[in-house]
Amino acid sequence: MKALVLGGGGREHALVRALSLDPGVTDIHCAPGNPGISELAENHVINATDGLAVTELAARIRAELVVVGPEAPLVAGVADALRERGIPVFGPDREPARLEGSKAFAKEVMEAAGVPTAKARVCRSASQVSEALDEFGAPYVVKNDGLAAGKGVVVTDDRALAERHARECGRVVIEEFLDGPEVSLFVLSDGVHALPLLPAQDFKRAHDGDQGPNTGGMGAYAPLPWAPAGLVDEVMESVVRPTLQEMNRRGTRYQGLLYVGLALTSRGPRVVEFNARFGDPETQVVLDRLATPIGAVLQATDTAGLKGIGSLQWKPGAAVTVVVAAENYPGDPARGDTVGGLAEANALEGAYVLHAGTSWSGSRDVVASGGRVLSVVGTGTDLAQARERAYAAVSRIELRGSFHRTDIAERAAAEL
């Protein structure tokens, strides 16, 4: 199988790595890719949101599977363009991708499907915002209705900050705050059948102890030894299947990956959000644990073939990923600084580095080009060993002004 992966971040590096380990995948391409991905795939410089450019590239390299990594190409209709050309694609079409592209649409679908989620109000004016904030009270949860690269949500006790975020976004969804730990569950769907992956947990706040601003994610781990028994089955029954049925009722078959962000509240699991693609950085740890070759599984979502896949197999042990972020992230991150220590980190037992926000300099040095620069993955027999190996590798990375959280999976590992 020849595969083309769209995107150039840590999630895409994890996908390329997983495909490279699949004996059924013979050739891997990536657009636009990054320096780390270039060690495993041939990179191509194109606009990944341009459906014509993507289909032309896929046709030229004779791709038998196109994996759409980021959300922007999905919302732009790239999957539609590929399917129209008869090219197998992993990812939903434009209309079903609105589950991520519009928080208001997602709430509408959840309400129609009877999916448990937070009470919410869609607000278009300052007066509506004020009424909703009064209704739900603090902590205030204000979400940009559209795509915001994982940083469109503000959760705060500061009323002025909540109102300012709403003004900056325009149309917003304001929700009641959901208590309890959050869990990420990835589910593969061919429109009819659905197959869950391993649950994971990520860390959204920039600093230790869940302090600081929201980010796209500062680290993740899997599996979750504390997760309630039967959680995945419950979510499949109460969330995933009703959502897929509702999408089919609307004539918008959902094929690809449905990311279910959950809060395990005192009233049971509640959906925090849907995404239409693999979440970053949870993808890095979930795919690390996957033992089943991934290529045919992803392709089956486009060919109505998930029923024939059966259950997925998972490696024993655990994985932890720690994000190394650039100075000033998630604000205006520093760019252009040389990244050192990559070979040393990759040489450590049970650890490897995935590139997220890197590029080549003119001298062919690897430099930081984004806010989340690297995802450093550690693996082990349990979370404690995986943490130790991940942080040992992080200590080898050299990047001026960079920072990382030191408490990824700390509590879960301590409770084993």
# chains A, B, ... in the order shown; residues from 1 in each chain; ligands from 1

$ residues_around --residues "stretch 99-106 of chain A" --least-positions-apart "5" --cutoff "12 Å" --atoms "only C-alpha atoms" --output "mmCIF file with C-alpha atoms, in the first residue's frame"
data_model
loop_
_atom_site.group_PDB
_atom_site.id
_atom_site.type_symbol
_atom_site.label_atom_id
_atom_site.label_comp_id
_atom_site.auth_asym_id
_atom_site.auth_seq_id
_atom_site.Cartn_x
_atom_site.Cartn_y
_atom_site.Cartn_z
ATOM 1 C CA PRO A 70 -5.193 18.246 10.636
ATOM 2 C CA GLU A 71 -8.711 19.622 10.900
ATOM 3 C CA ALA A 72 -8.382 22.469 8.393
ATOM 4 C CA PRO A 73 -8.219 20.264 5.257
ATOM 5 C CA LEU A 74 -11.250 18.297 6.449
ATOM 6 C CA VAL A 75 -13.352 21.416 6.993
ATOM 7 C CA ALA A 76 -12.124 22.687 3.595
ATOM 8 C CA GLY A 77 -13.521 19.586 1.887
ATOM 9 C CA PRO A 92 -14.787 12.705 7.024
ATOM 10 C CA ASP A 93 -16.186 14.885 4.255
ATOM 11 C CA ARG A 94 -16.748 18.628 4.743
ATOM 12 C CA GLU A 111 -29.151 17.244 21.398
ATOM 13 C CA ALA A 112 -30.918 15.488 18.527
ATOM 14 C CA ALA A 113 -29.095 12.219 19.280
ATOM 15 C CA VAL A 115 -25.949 12.434 23.781
ATOM 16 C CA THR A 117 -23.173 16.766 27.280
ATOM 17 C CA ALA A 118 -22.963 20.115 29.043
ATOM 18 C CA LYS A 119 -25.878 22.523 28.891
ATOM 19 C CA ALA A 120 -24.969 25.301 26.481
ATOM 20 C CA ARG A 121 -26.076 28.506 24.789
ATOM 21 C CA VAL A 122 -25.023 29.775 21.350
ATOM 22 C CA CYS A 123 -24.321 33.500 21.652
ATOM 23 C CA ARG A 124 -23.963 36.134 18.930
ATOM 24 C CA VAL A 142 -16.458 30.107 26.539
ATOM 25 C CA LYS A 143 -15.753 28.349 23.228
ATOM 26 C CA ASN A 144 -15.068 29.851 19.842
ATOM 27 C CA ASP A 145 -17.700 28.365 17.530
ATOM 28 C CA GLY A 146 -15.149 27.775 14.742
ATOM 29 C CA LEU A 147 -11.721 26.196 14.411
ATOM 30 C CA ALA A 148 -9.104 27.656 16.736
ATOM 31 C CA ALA A 149 -6.185 25.195 16.602
ATOM 32 C CA GLY A 150 -6.980 23.823 20.060
ATOM 33 C CA GLY A 152 -10.343 28.598 21.240
ATOM 34 C CA VAL A 153 -11.603 27.665 24.701
ATOM 35 C CA ARG A 171 -20.094 33.731 17.724
ATOM 36 C CA VAL A 172 -19.404 31.543 20.763
ATOM 37 C CA VAL A 173 -20.826 28.615 22.671
ATOM 38 C CA ILE A 174 -21.061 29.172 26.428
ATOM 39 C CA GLU A 175 -21.462 26.061 28.553
ATOM 40 C CA THR A 243 -24.105 10.301 16.960
ATOM 41 C CA LEU A 244 -23.318 8.167 13.908
ATOM 42 C CA GLU A 246 -27.967 10.955 13.711
ATOM 43 C CA MET A 247 -25.386 11.862 11.086
ATOM 44 C CA THR A 252 -24.019 12.830 6.129
ATOM 45 C CA TYR A 254 -19.366 9.871 9.037
ATOM 46 C CA LEU A 257 -12.032 9.259 13.102
ATOM 47 C CA LEU A 258 -14.380 10.680 15.701
ATOM 48 C CA TYR A 259 -12.548 12.137 18.685
ATOM 49 C CA VAL A 260 -14.724 12.135 21.784
ATOM 50 C CA GLY A 261 -13.496 14.460 24.526
ATOM 51 C CA VAL A 271 -19.095 15.011 26.060
ATOM 52 C CA VAL A 272 -16.874 18.086 26.222
ATOM 53 C CA GLU A 273 -16.241 18.233 22.473
ATOM 54 C CA PHE A 274 -16.045 16.301 19.240
ATOM 55 C CA ASN A 275 -13.122 16.491 16.832
ATOM 56 C CA ALA A 276 -13.002 15.056 13.340
ATOM 57 C CA ARG A 277 -9.397 13.799 13.467
ATOM 58 C CA PHE A 278 -6.767 12.355 15.782
ATOM 59 C CA GLY A 279 -6.064 14.628 18.756
#

$ select_by_dssp --residues "stretch 39-257 of chain A" --states "helix (DSSP H, G or I)" --output "VMD selection string"
chain A and resid 39 51 to 60 71 to 75 78 to 84 98 to 101 103 to 113 126 to 136 159 to 169 208 to 210 231 to 249

$ closest_residue --among "A:Gly191, A:Glu282, A:Ser369, A:Ala126" --to "A:His165" --atoms "only C-alpha atoms"
A:Ala126

$ residues_around --residues "A:Asn328" --least-positions-apart "4" --cutoff "10 Å" --atoms "only C-alpha atoms" --output "list in words"
Asp332, Pro333, Ala334, Gly371, Gly401, Ser402 and Phe403 of chain A

$ write_last_selection --atoms "N, CA and C atoms" --output "tab-separated table (two decimals), in the first residue's frame"
chain	number	residue	atom	x	y	z
A	332	ASP	N	2.91	34.30	21.32
A	332	ASP	CA	3.67	34.39	20.07
A	332	ASP	C	5.00	33.67	20.29
A	333	PRO	N	5.08	32.37	19.93
A	333	PRO	CA	6.26	31.58	20.28
A	333	PRO	C	7.50	32.02	19.52
A	334	ALA	N	8.66	31.86	20.17
A	334	ALA	CA	9.94	32.16	19.53
A	334	ALA	C	10.19	31.15	18.42
A	371	GLY	N	4.83	26.55	18.05
A	371	GLY	CA	4.75	26.65	19.50
A	371	GLY	C	5.11	25.37	20.21
A	401	GLY	N	15.21	28.86	25.68
A	401	GLY	CA	13.94	29.38	26.16
A	401	GLY	C	12.80	28.38	26.21
A	402	SER	N	13.06	27.13	25.84
A	402	SER	CA	11.97	26.14	25.80
A	402	SER	C	11.53	25.75	27.20
A	403	PHE	N	10.34	25.18	27.28
A	403	PHE	CA	9.84	24.70	28.58
A	403	PHE	C	8.96	23.49	28.35

$ closest_residue --among "A:Arg400, A:Val155, A:Ala392, A:Ala347" --to "A:Asp210" --atoms "only C-alpha atoms"
A:Val155

$ atom_distance --atom1 "atom CA of A:Met218" --atom2 "atom CA of A:Ala206"
6.4 Å

$ closest_residue --among "A:Arg389, A:Arg364, A:Arg372, A:Arg98" --to "A:Pro35" --atoms "only C-alpha atoms"
A:Arg364

$ closest_residue --among "A:Gly36, A:Gly251, A:Trp314, A:Gly10" --to "A:Leu342" --atoms "only C-alpha atoms"
A:Gly36

$ closest_residue --among "A:Ile46, A:Ala31, A:Val239, A:Leu195" --to "A:Val109" --atoms "only C-alpha atoms"
A:Val239

$ residues_around --residues "A:Gly137" --least-positions-apart "4" --cutoff "9 Å" --atoms "only C-alpha atoms" --output "PyMOL selection string"
chain A and resi 132-133+157+176-177

$ residues_around --residues "A:Glu344" --least-positions-apart "5" --cutoff "10 Å" --atoms "only C-alpha atoms" --output "PyMOL selection string"
chain A and resi 352+393-397

$ select_by_dssp --residues "stretch 229-361 of chain A" --states "strand (DSSP E or B)" --output "VMD selection string"
chain A and resid 255 to 265 268 to 275 290 314 318 to 325 338 340 351 to 355 358 to 360

$ write_last_selection --atoms "N, CA and C atoms" --output "short mmCIF file (atom, residue, chain, number, x, y, z; two decimals), in the first residue's frame"
data_model
loop_
_atom_site.label_atom_id
_atom_site.label_comp_id
_atom_site.auth_asym_id
_atom_site.auth_seq_id
_atom_site.Cartn_x
_atom_site.Cartn_y
_atom_site.Cartn_z
N GLN A 255 -17.29 9.04 8.08
CA GLN A 255 -16.21 8.08 7.83
C GLN A 255 -14.88 8.71 8.25
N GLY A 256 -14.14 7.98 9.05
CA GLY A 256 -12.85 8.48 9.51
C GLY A 256 -12.71 8.30 11.00
N LEU A 257 -12.22 9.33 11.65
CA LEU A 257 -12.03 9.26 13.10
C LEU A 257 -12.92 10.27 13.82
N LEU A 258 -13.61 9.80 14.82
CA LEU A 258 -14.38 10.68 15.70
C LEU A 258 -13.66 10.74 17.05
N TYR A 259 -13.20 11.92 17.39
CA TYR A 259 -12.55 12.14 18.69
C TYR A 259 -13.62 12.56 19.67
N VAL A 260 -13.75 11.82 20.75
CA VAL A 260 -14.72 12.13 21.78
C VAL A 260 -13.97 12.62 23.02
N GLY A 261 -14.07 13.90 23.30
CA GLY A 261 -13.50 14.46 24.53
C GLY A 261 -14.52 14.38 25.63
N LEU A 262 -14.18 13.72 26.72
CA LEU A 262 -15.13 13.42 27.79
C LEU A 262 -14.72 14.04 29.11
N ALA A 263 -15.71 14.38 29.91
CA ALA A 263 -15.51 14.69 31.32
C ALA A 263 -16.24 13.61 32.13
N LEU A 264 -15.51 12.97 33.04
CA LEU A 264 -16.13 11.94 33.87
C LEU A 264 -16.70 12.63 35.10
N THR A 265 -17.91 13.12 34.98
CA THR A 265 -18.53 13.93 36.02
C THR A 265 -19.18 13.05 37.08
N GLY A 268 -21.86 11.04 35.61
CA GLY A 268 -21.51 10.12 34.54
C GLY A 268 -20.75 10.84 33.44
N PRO A 269 -20.31 10.11 32.41
CA PRO A 269 -19.55 10.72 31.33
C PRO A 269 -20.39 11.75 30.56
N ARG A 270 -19.77 12.88 30.26
CA ARG A 270 -20.40 13.93 29.46
C ARG A 270 -19.43 14.35 28.37
N VAL A 271 -19.95 14.61 27.17
CA VAL A 271 -19.10 15.01 26.06
C VAL A 271 -18.70 16.48 26.22
N VAL A 272 -17.40 16.73 26.20
CA VAL A 272 -16.87 18.09 26.22
C VAL A 272 -16.81 18.64 24.80
N GLU A 273 -16.34 17.81 23.87
CA GLU A 273 -16.24 18.23 22.47
C GLU A 273 -16.06 17.03 21.57
N PHE A 274 -16.38 17.24 20.30
CA PHE A 274 -16.05 16.30 19.24
C PHE A 274 -14.96 16.92 18.37
N ASN A 275 -14.04 16.10 17.89
CA ASN A 275 -13.12 16.49 16.83
C ASN A 275 -13.24 15.48 15.71
N LEU A 290 -0.55 0.67 19.88
CA LEU A 290 -1.29 -0.15 18.93
C LEU A 290 -0.39 -1.23 18.33
N TRP A 314 -3.42 -4.58 21.36
CA TRP A 314 -2.61 -3.55 22.01
C TRP A 314 -1.39 -4.15 22.69
N ALA A 318 2.97 0.83 28.87
CA ALA A 318 2.42 2.18 28.86
C ALA A 318 3.29 3.10 28.02
N ALA A 319 2.72 4.25 27.66
CA ALA A 319 3.45 5.29 26.94
C ALA A 319 3.10 6.65 27.51
N VAL A 320 4.10 7.51 27.57
CA VAL A 320 3.94 8.89 28.05
C VAL A 320 4.62 9.80 27.05
N THR A 321 3.95 10.88 26.65
CA THR A 321 4.60 11.86 25.80
C THR A 321 4.63 13.22 26.50
N VAL A 322 5.75 13.90 26.37
CA VAL A 322 5.96 15.22 26.97
C VAL A 322 6.27 16.20 25.85
N VAL A 323 5.53 17.28 25.80
CA VAL A 323 5.73 18.29 24.76
C VAL A 323 6.79 19.29 25.20
N VAL A 324 7.75 19.53 24.33
CA VAL A 324 8.74 20.59 24.52
C VAL A 324 8.25 21.79 23.71
N ALA A 325 7.94 22.87 24.41
CA ALA A 325 7.33 24.04 23.77
C ALA A 325 8.33 25.18 23.66
N THR A 338 17.85 26.99 17.02
CA THR A 338 18.30 25.64 16.69
C THR A 338 17.89 24.64 17.77
N GLY A 340 18.78 21.16 19.46
CA GLY A 340 19.89 20.22 19.61
C GLY A 340 19.51 19.03 20.47
N ALA A 351 12.67 5.34 24.31
CA ALA A 351 12.27 6.73 24.08
C ALA A 351 12.54 7.12 22.63
N TYR A 352 11.76 8.04 22.12
CA TYR A 352 12.00 8.59 20.80
C TYR A 352 11.32 9.96 20.70
N VAL A 353 11.76 10.73 19.71
CA VAL A 353 11.30 12.10 19.54
C VAL A 353 10.45 12.22 18.28
N LEU A 354 9.30 12.84 18.41
CA LEU A 354 8.44 13.16 17.27
C LEU A 354 8.47 14.67 17.05
N HIS A 355 8.70 15.08 15.81
CA HIS A 355 8.76 16.50 15.49
C HIS A 355 7.34 17.05 15.34
N THR A 358 8.86 21.97 13.74
CA THR A 358 10.25 22.13 13.35
C THR A 358 10.34 22.33 11.84
N SER A 359 11.48 22.89 11.41
CA SER A 359 11.76 23.03 9.98
C SER A 359 13.27 23.04 9.81
N TRP A 360 13.71 23.04 8.54
CA TRP A 360 15.14 23.13 8.25
C TRP A 360 15.54 24.60 8.16
#

$ atom_distance --atom1 "atom CA of A:Asn248" --atom2 "atom CA of A:Ser189"
12.0 Å

$ atom_distance --atom1 "atom CA of A:Leu52" --atom2 "atom CA of A:Gly8"
18.9 Å

$ residues_around --residues "A:His193" --least-positions-apart "6" --cutoff "9 Å" --atoms "only C-alpha atoms" --output "mmCIF file with N, CA and C atoms, in the first residue's frame"
data_model
loop_
_atom_site.group_PDB
_atom_site.id
_atom_site.type_symbol
_atom_site.label_atom_id
_atom_site.label_comp_id
_atom_site.auth_asym_id
_atom_site.auth_seq_id
_atom_site.Cartn_x
_atom_site.Cartn_y
_atom_site.Cartn_z
ATOM 1 N N ARG A 241 -22.556 5.609 18.948
ATOM 2 C CA ARG A 241 -23.553 5.043 18.038
ATOM 3 C C ARG A 241 -24.720 6.000 17.804
ATOM 4 N N LEU A 244 -23.438 8.675 15.278
ATOM 5 C CA LEU A 244 -23.318 8.167 13.908
ATOM 6 C C LEU A 244 -24.697 7.957 13.277
ATOM 7 N N THR A 301 -12.065 2.348 6.964
ATOM 8 C CA THR A 301 -13.086 3.352 7.275
ATOM 9 C C THR A 301 -13.692 3.938 6.011
ATOM 10 N N ALA A 304 -16.098 0.748 4.031
ATOM 11 C CA ALA A 304 -17.136 0.038 4.797
ATOM 12 C C ALA A 304 -16.635 -1.312 5.281
ATOM 13 N N GLY A 305 -15.344 -1.364 5.644
ATOM 14 C CA GLY A 305 -14.745 -2.637 5.990
ATOM 15 C C GLY A 305 -14.379 -2.835 7.441
ATOM 16 N N LEU A 306 -14.826 -1.955 8.331
ATOM 17 C CA LEU A 306 -14.415 -2.089 9.738
ATOM 18 C C LEU A 306 -14.955 -3.361 10.387
ATOM 19 N N LYS A 307 -16.124 -3.818 9.935
ATOM 20 C CA LYS A 307 -16.698 -5.025 10.543
ATOM 21 C C LYS A 307 -15.754 -6.203 10.383
#

$ residues_around --residues "stretch 65-67 of chain A" --least-positions-apart "3" --cutoff "9 Å" --atoms "only C-alpha atoms" --output "list in words"
Met1, Lys2, Ala3, Leu4, Val5, Leu6, Glu12, Leu15, Ala58, Ala79, Leu82, Ile87, Pro88, Val89, Phe90, Gly91, Gly295, Leu298 and Gln299 of chain A
